[in-house]
Every structure is written in C-alpha cells, then in structure tokens.
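Peer 1: Let me begin by handing over the structure; questions about it come next.
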Amino acid sequence: MKHRIVVLGAGYAGAYVAGTLARRLSPADIEITVVNAVPDFVQRLRLHQLAAGREVEAPKLAEVFAGTGIRLRVARVTAIDPEGQVVAVADADGGGELGYDTLLYALGSHGADRGVPGAAEHAFDVAARPSALRLRERLGSLARRGEGGSVVVVGDGLTGIETATEIAESRPGLSVALVARGELGARLSAGARSHLRQACDRLGITVLEHTCVEAVEATRVLCADGTALASDATVWTAGFEVDAIAAAGGLEVTENGQIVVDRAMRSVSHPNVYAIGDSAYAIGDNGRPLPMSCASAGYTGRQAIEAIVGRLIGRKIANTKLVYAYNHISLGRRDGILQMVDDEGQAKPKYMGGRKAARIKAGIVKMSLWATSHPTFGMPKRKHRLAAAPDATAEKAVAYAEKARVAAS
C-alpha cells in the first residue's frame with residue numbers, strides 16, 4: 001500500500017513543498033493529495049496590488065501540478081482527526097474524508113478584525129483574493145464616479161504600508177489615510193522610517209499615528225480620541241490569525257492557534273503531522289519564534305521537505321536554516337525599503353531604499369511564483385524509494401518523551 005501524503009493548503013509554502021516531494025519521492029511508494037479551497041494559486045504577496053487595479057496572475061493549480069502525479073482536491077478543510085488520521089473536507093459535491101499517513105498542514109492565516117465593531121461587516125482586507133477583488137471593484141467605482149473619494153487603511157504593519165502606498169500611487173484621485181496604532185514604521189531603522197515618511201508625503205498619504213480605531217461604519221471610521229474619519233472604502237490590515245481547525249482537532253497549539261512544532265516542523269503532539277508557514281509556531285535559529293511572513297514560509301517549508309523525505313527513506317534529517325534576516329516593503333511600483341534585522345529581530349541601522357529596493361522585491365515575488373508554479377523543473381530520473389514504514393507508535397512515544405524533557409528543563 002502506498003504511503004499517503006496529504007497537503008492542506010496550496011499557497012506559496014504548501015504548493016512548493018508538495019511539488020518538491022513529488023520530485024524527490026518515488027510514485028511507486030507514495031501518493032500526494034493537495035487540498036485547497038480554490039482552484040487557483042493565489043499570489044498573496046501581490047493581493048494589495050490586485051486590489052489597487054494591477055493585473056496579477058493566478059495560475060490554475062491543475063496546470064501547476066500537471067505531470068507531477070499530485071492529486072488536487074478543490075475543497076475546504078472543515079476538520080482534522082489526528083488520532084484517526086483523517087481530514088474532513090467540504091466541496092460542491094458535499095465533501096467527504098481523506099485518510100493520510102503523513103499530513104502537511106499549510107492552511108496559512110487570514111485577516112483578523114480583533115473584535116472591533118463593524119470591521120467584519122464594513123471593511124475590506126487583502127489577505128484573500130475574493131476580498132481583494134471586492135476592494136478592487138469598490139476603488140474602481142469610486143474612480144469612475146469622478147468625484148474623488150476617501151480610503152482609510154487601518155494598520156501600519158507591512159501589509160498596511162504596502163496597501164496604502166499602492167492605492168495612493170495607482171489611484172491618485174483618491175484621498176488615502178493610513179491609521180497607525182503607534183509610530184509609523186516603528187520596527188524600521190531611523191533612516192528607513194524617514195524614507196517611509198517621505199514616500200507617504202510624496203504620495204499624498206495622510207498618516208495618523210498613535211491612533212486606535214474603536215469602530216468601523218459604512219462611511220466612516222471612529223477613533224478612540226473621538227475623531228471620525230470619512231471613508232468610502234476602509235481597508236483592514238490590523239493583524240492576522242489562523243483557523244481554529246488544528247486546535248479543534250486536538251493538536252498542541254499556542255494561544256493564537258498556531259501548531260507547536262519541533263526543529264523538524266513536526267507537531268510536538270502528533271509526529272505524523274507537519275506544519276509550515278503561518279500555521280506553525282516554529283523557533284528560529286536565534287531562539288525566537290519565526291514571524292508570520294513569506295520568508296518564514298520558505299524556510300519552514302524547506303525544513304519540512306528534508307524532514308519528511310529523511311524520515312520516509314531512512315536518512316538522517318538535515319537541519320536547514322530557520323532565520324529571519326530582513327523586512328522588504330514595496331512603496332508602490334518604483335519605491336521600496338529593504339531593512340536588514342539582527343539576531344534579536346531588531347532593525348539594523350543600514351537599509352536600502354528607492355528603485356533598487358523595489359526591483360529586488362519585485363524579483364523575489366517573481367521568483368517565488370516561478371518556483372511554486374514549476375514543480376516539474378529539474379524532475380530527477382531516479383527518485384527515492386521508501387524505507388520500511390516507520391513505527392508511528394514508537395515515534396509518538398519519542399516525541400512525547402522529548403516534550404517532557406524540554407518542559408522539565
């Protein structure tokens with residue numbers, strides 16, 4: 001019987017890992033099934049650009065995985081049963097269950113409204129393609145109206161900054177405001193903060209610092225200090241969260257629902273489950289949790305590949321890098337910031353800004369799409385055959401023993 005690998009989620013991390021496993025493992029021994037809620041590969045890194053009116057490619061996953069032997073199941077994951085090794089899914093035909101021997105959890109994250117009244121009902125987000133497309137239509141209708149309009153972006157993290165600058169550049173007839181809970185660009189170096197402020201001034205973005213949003217209404221944003229901001233389109237970028245599926249299934253998770261994994265990206269409670277990307281609570285080489293980011297998805301994905309392949313073919317598992325070296329921010333099409341960080345996650349004094357930084361960011365995004373959407377590139381003629389099936393019971397006992405040892409220390 002073939003070893004069944006089920007991959008939940010086909011974003012950057014899930015699609016890349018699935019394709020690489022198909023390259024490295026023999027189809028005589030394994031079958032890989034990818035479950036994704038939509039039939040397209042979504043370039044989440046560019047959803048703010050899609051919302052602002054730019055054309056962003058969305059390759060069909062069936063075409064991406066063509067020739068790999070990967071089975072694609074377009075369905076929404078509703079539950080996992082790690083004890084029974086079963087995943088429940090829902091689709092247009094009613095759904096069903098998928099059994100697995102190895103599960104890779106890569107469902108990522110989505111926008112979090114933080115319980116702010118009206119945010120879910122009245123605000124747009126750029127964490128998913130449908131919402132980004134709705135925002136795109138809204139901004140387009142404001143532009144077609146020819147009377148201007150106001151856009152309020154709530155949240156001054158990387159996504160908020162990129163969204164505000166992209167909209168301001170692409171839709172110059174609109175008035176754009178960026179609401180920052182603290183100081184704008186607080187995680188950047190002094191030079192990079194100055195560059196960011198200059199970019200906002202150049203693009204005509206109104207920045208409100210040290211401002212807390214208390215409610216979102218259909219046509220305005222209400223702040224804690226009593227300020228009411230007129231808004232024809234409110235964009236909510238004030239945080240992200242993961243689904244509760246892992247927690248509900250009994251996997252060990254953090255308070256925010258991320259799956260706790262070891263150095264090999266294996267669940268500390270269920271050793272035949274791996275988690276990567278935003279879904280995983282992984283400790284980096286600096287001893288700190290990796291942040292939710294595309295870079296973290298890449299590093300955790302590569303480690304999971306080495307761990308899964310090594311375990312299945314009986315080879316010693318190599319440790320790949322788990323680092324977070326920089327923040328890369330686009331400021332429209334022709335400007336950007338590359339901010340290096342130290343081992344403590346703090347911004348280094350030196351940064352790169354301007355067109356060169358923008359070109360590097362665009363290159364990284366293009367490379368990420370190419371690598372993910374070409375899984376058959378370099379397909380080896382000989383693939384690894386599986387070793388004897390691992391003893392899941394013994395592995396689970398070892399995992400629990402390691403967990404107890406760490407807790408005791």
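If you're wondering about the labels, chains in the structure tokens are A, B, ... by order shown, residues count from 1 in each chain, ligands from 1 in order shown.
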As a VMD selection string, please: the residues near stretch 144-157 of chain A (cut-off 6 Å, only C-alpha atoms, same-chain neighbours under 4 positions excluded).

Peer 2: chain A and resid 161 173 to 180 231 to 238

Peer 1: Please report as a Markdown table every residue of stretch 266-323 of chain A lying within 12 Å of stretch 26-38 of chain A, along with the nearest atom pair and their distance in Å (one decimal), using only C-alpha atoms.

Peer 2:
| residue | atom | partner | partner_atom | distance |
| --- | --- | --- | --- | --- |
| A:Ile308 | CA | A:Ile30 | CA | 11.9 |
| A:Val309 | CA | A:Ser26 | CA | 10.7 |
| A:Leu312 | CA | A:Ile30 | CA | 9.8 |
| A:Ile313 | CA | A:Ser26 | CA | 10.2 |

Peer 1: According to DSSP computed on the backbone, where in stretch 94-317 of chain A is there strand (DSSP E)? Give the residues as JSON, numbers by chain.

Peer 2: {"A": [96, 97, 98, 99, 102, 103, 104, 105, 110, 111, 123, 124, 150, 151, 152, 153, 154, 175, 176, 177, 178, 179, 206, 207, 208, 213, 214, 215, 216, 220, 221, 222, 223, 228, 229, 230, 233, 234, 235, 236, 240, 241, 259, 260, 273, 274, 275, 280, 281]}

Peer 1: Output C-alpha atoms for every residue in that selection, as a compact mmCIF listing (two decimals), in the first residue's frame.

Peer 2:
# COMPACT_ATOMS: atom_id res chain seq x y z
CA GLY A 96 -16.04 13.62 2.43
CA GLU A 97 -12.97 12.36 4.24
CA LEU A 98 -9.34 11.80 3.26
CA GLY A 99 -7.10 9.38 5.09
CA THR A 102 1.68 11.96 6.71
CA LEU A 103 -0.15 15.26 6.95
CA LEU A 104 1.35 18.63 5.99
CA TYR A 105 -0.67 21.49 7.46
CA HIS A 110 -6.38 35.27 7.31
CA GLY A 111 -7.28 38.79 8.35
CA ALA A 123 -14.09 46.78 5.96
CA PHE A 124 -12.18 45.09 3.14
CA SER A 150 -11.60 58.65 0.64
CA VAL A 151 -9.82 55.43 1.56
CA VAL A 152 -8.78 54.62 5.13
CA VAL A 153 -6.21 51.87 5.68
CA VAL A 154 -6.22 50.63 9.28
CA SER A 175 -7.61 60.55 -0.71
CA VAL A 176 -5.72 57.91 1.29
CA ALA A 177 -5.22 57.88 5.06
CA LEU A 178 -3.10 55.38 7.00
CA VAL A 179 -4.01 54.79 10.66
CA THR A 206 -2.33 61.31 5.47
CA VAL A 207 -0.73 59.43 8.39
CA LEU A 208 -2.45 59.30 11.77
CA VAL A 213 -9.78 52.51 15.93
CA GLU A 214 -12.85 51.69 18.03
CA ALA A 215 -15.43 51.00 15.32
CA VAL A 216 -15.93 50.85 11.57
CA ARG A 220 -16.59 56.39 8.44
CA VAL A 221 -14.01 55.08 10.90
CA LEU A 222 -14.39 56.00 14.58
CA CYS A 223 -11.23 56.51 16.66
CA ALA A 228 -14.37 60.36 12.88
CA LEU A 229 -12.66 59.69 9.54
CA ALA A 230 -14.83 59.82 6.44
CA ALA A 233 -13.58 52.27 1.46
CA THR A 234 -12.00 51.05 4.69
CA VAL A 235 -9.17 48.51 4.39
CA TRP A 236 -8.45 46.42 7.49
CA PHE A 240 -3.74 38.15 11.01
CA GLU A 241 -4.87 34.94 12.66
CA ILE A 259 0.65 24.41 15.71
CA VAL A 260 3.63 23.91 18.03
CA VAL A 273 1.68 15.87 11.28
CA TYR A 274 3.94 18.65 9.98
CA ALA A 275 3.10 22.35 9.94
CA ALA A 280 3.35 26.82 12.51
CA TYR A 281 4.83 28.04 15.77

Peer 1: Sorted by chain and rising residue number, list the residues of stretch 196-314 of chain A at most 10 Å from stretch 353-365 of chain A (counting only C-alpha atoms), each with its closest atom pair and distance in Å to one decimal, as a Markdown table.

Peer 2:
| residue | atom | partner | partner_atom | distance |
| --- | --- | --- | --- | --- |
| A:Leu196 | CA | A:Gly353 | CA | 8.9 |
| A:Ala199 | CA | A:Gly354 | CA | 9.4 |
| A:Cys294 | CA | A:Val365 | CA | 9.7 |

Peer 1: Taking 4 positions as the minimum chain separation for residues in the same chain, which residues sit within 10 Å of A:Thr376 when counting only C-alpha atoms? Answer as an mmCIF file with C-alpha atoms, in the first residue's frame.

Peer 2:
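Final output, saved to around_13.cif:
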data_model
loop_
_atom_site.group_PDB
_atom_site.id
_atom_site.type_symbol
_atom_site.label_atom_id
_atom_site.label_comp_id
_atom_site.auth_asym_id
_atom_site.auth_seq_id
_atom_site.Cartn_x
_atom_site.Cartn_y
_atom_site.Cartn_z
ATOM 1 C CA GLY A 19 5.830 19.803 -5.772
ATOM 2 C CA THR A 20 9.243 19.153 -4.258
ATOM 3 C CA ALA A 22 6.725 14.764 -5.855
ATOM 4 C CA ARG A 23 10.147 15.404 -7.399
ATOM 5 C CA VAL A 64 0.697 23.790 -11.930
ATOM 6 C CA PHE A 65 0.621 20.155 -10.782
ATOM 7 C CA ALA A 66 0.250 18.644 -14.270
ATOM 8 C CA GLY A 67 2.821 15.906 -14.811
ATOM 9 C CA THR A 68 3.727 15.568 -11.112
ATOM 10 C CA ALA A 371 9.441 28.258 -8.259
ATOM 11 C CA THR A 372 5.974 27.404 -6.981
ATOM 12 C CA PRO A 380 15.064 13.637 -11.434
#

Peer 1: Just the residues within 7 Å of stretch 295-304 of chain A, please, counting only C-alpha atoms, with nothing from its chain fewer than 6 positions along; format it as a list in words.

Peer 2: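 Selected residues are Ala13, Val17, Ala264, Met265, Tyr274, Ile276, Gly277, Asp278, Asn319, Thr320, Lys321 and Leu322 of chain A.
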
Peer 1: Since we have the selection now, will you write its residues out, keeping N, CA and C atoms, as an mmCIF file, in the first residue's frame?

Peer 2:
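Written file, result02.cif:
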data_model
loop_
_atom_site.group_PDB
_atom_site.id
_atom_site.type_symbol
_atom_site.label_atom_id
_atom_site.label_comp_id
_atom_site.auth_asym_id
_atom_site.auth_seq_id
_atom_site.Cartn_x
_atom_site.Cartn_y
_atom_site.Cartn_z
ATOM 1 N N ALA A 13 3.840 28.096 0.456
ATOM 2 C CA ALA A 13 4.508 27.024 1.181
ATOM 3 C C ALA A 13 3.974 25.658 0.782
ATOM 4 N N VAL A 17 6.148 22.770 -1.301
ATOM 5 C CA VAL A 17 6.529 21.521 -0.639
ATOM 6 C C VAL A 17 5.934 20.321 -1.363
ATOM 7 N N ALA A 264 12.156 19.997 13.301
ATOM 8 C CA ALA A 264 11.897 19.372 12.003
ATOM 9 C C ALA A 264 10.527 19.734 11.451
ATOM 10 N N MET A 265 9.825 20.663 12.086
ATOM 11 C CA MET A 265 8.486 21.093 11.688
ATOM 12 C C MET A 265 7.418 20.039 11.965
ATOM 13 N N TYR A 274 2.961 17.569 10.132
ATOM 14 C CA TYR A 274 3.939 18.648 9.981
ATOM 15 C C TYR A 274 3.183 19.943 9.716
ATOM 16 N N ILE A 276 3.764 24.188 8.511
ATOM 17 C CA ILE A 276 4.696 25.152 7.942
ATOM 18 C C ILE A 276 3.990 26.489 7.723
ATOM 19 N N GLY A 277 4.793 27.519 7.472
ATOM 20 C CA GLY A 277 4.226 28.830 7.183
ATOM 21 C C GLY A 277 3.555 29.454 8.389
ATOM 22 N N ASP A 278 2.534 30.265 8.131
ATOM 23 C CA ASP A 278 1.846 30.978 9.207
ATOM 24 C C ASP A 278 1.164 30.042 10.188
ATOM 25 N N ASN A 319 19.284 19.696 9.104
ATOM 26 C CA ASN A 319 18.696 20.945 9.583
ATOM 27 C C ASN A 319 18.973 22.055 8.574
ATOM 28 N N THR A 320 17.941 22.646 8.039
ATOM 29 C CA THR A 320 18.101 23.797 7.149
ATOM 30 C C THR A 320 18.025 25.077 7.972
ATOM 31 N N LYS A 321 18.344 26.186 7.369
ATOM 32 C CA LYS A 321 18.309 27.464 8.083
ATOM 33 C C LYS A 321 16.889 27.840 8.471
ATOM 34 N N LEU A 322 16.742 28.378 9.673
ATOM 35 C CA LEU A 322 15.480 28.960 10.123
ATOM 36 C C LEU A 322 15.798 30.364 10.622
#

Peer 1: Residues near A:Asp343, anyone? I mean within 12 Å using only C-alpha atoms, not counting same-chain ones fewer than 6 positions away, as a ChimeraX atom specification.

Peer 2: /A:284-290,322-326

Peer 1: Using only C-alpha atoms, which of A:Arg187, A:Lys2, A:His48, A:His122 sits nearest A:Ala218?

Peer 2: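 Once distances to A:Ala218 are computed over only C-alpha atoms, the minimum belongs to A:His122.
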
Peer 1: Which value, in Å to one decimal, gives the distance between atom CA of A:Glu209 and atom CA of A:Gly182?

Peer 2: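 Atom CA of A:Glu209 sits 5.6 Å away from atom CA of A:Gly182.
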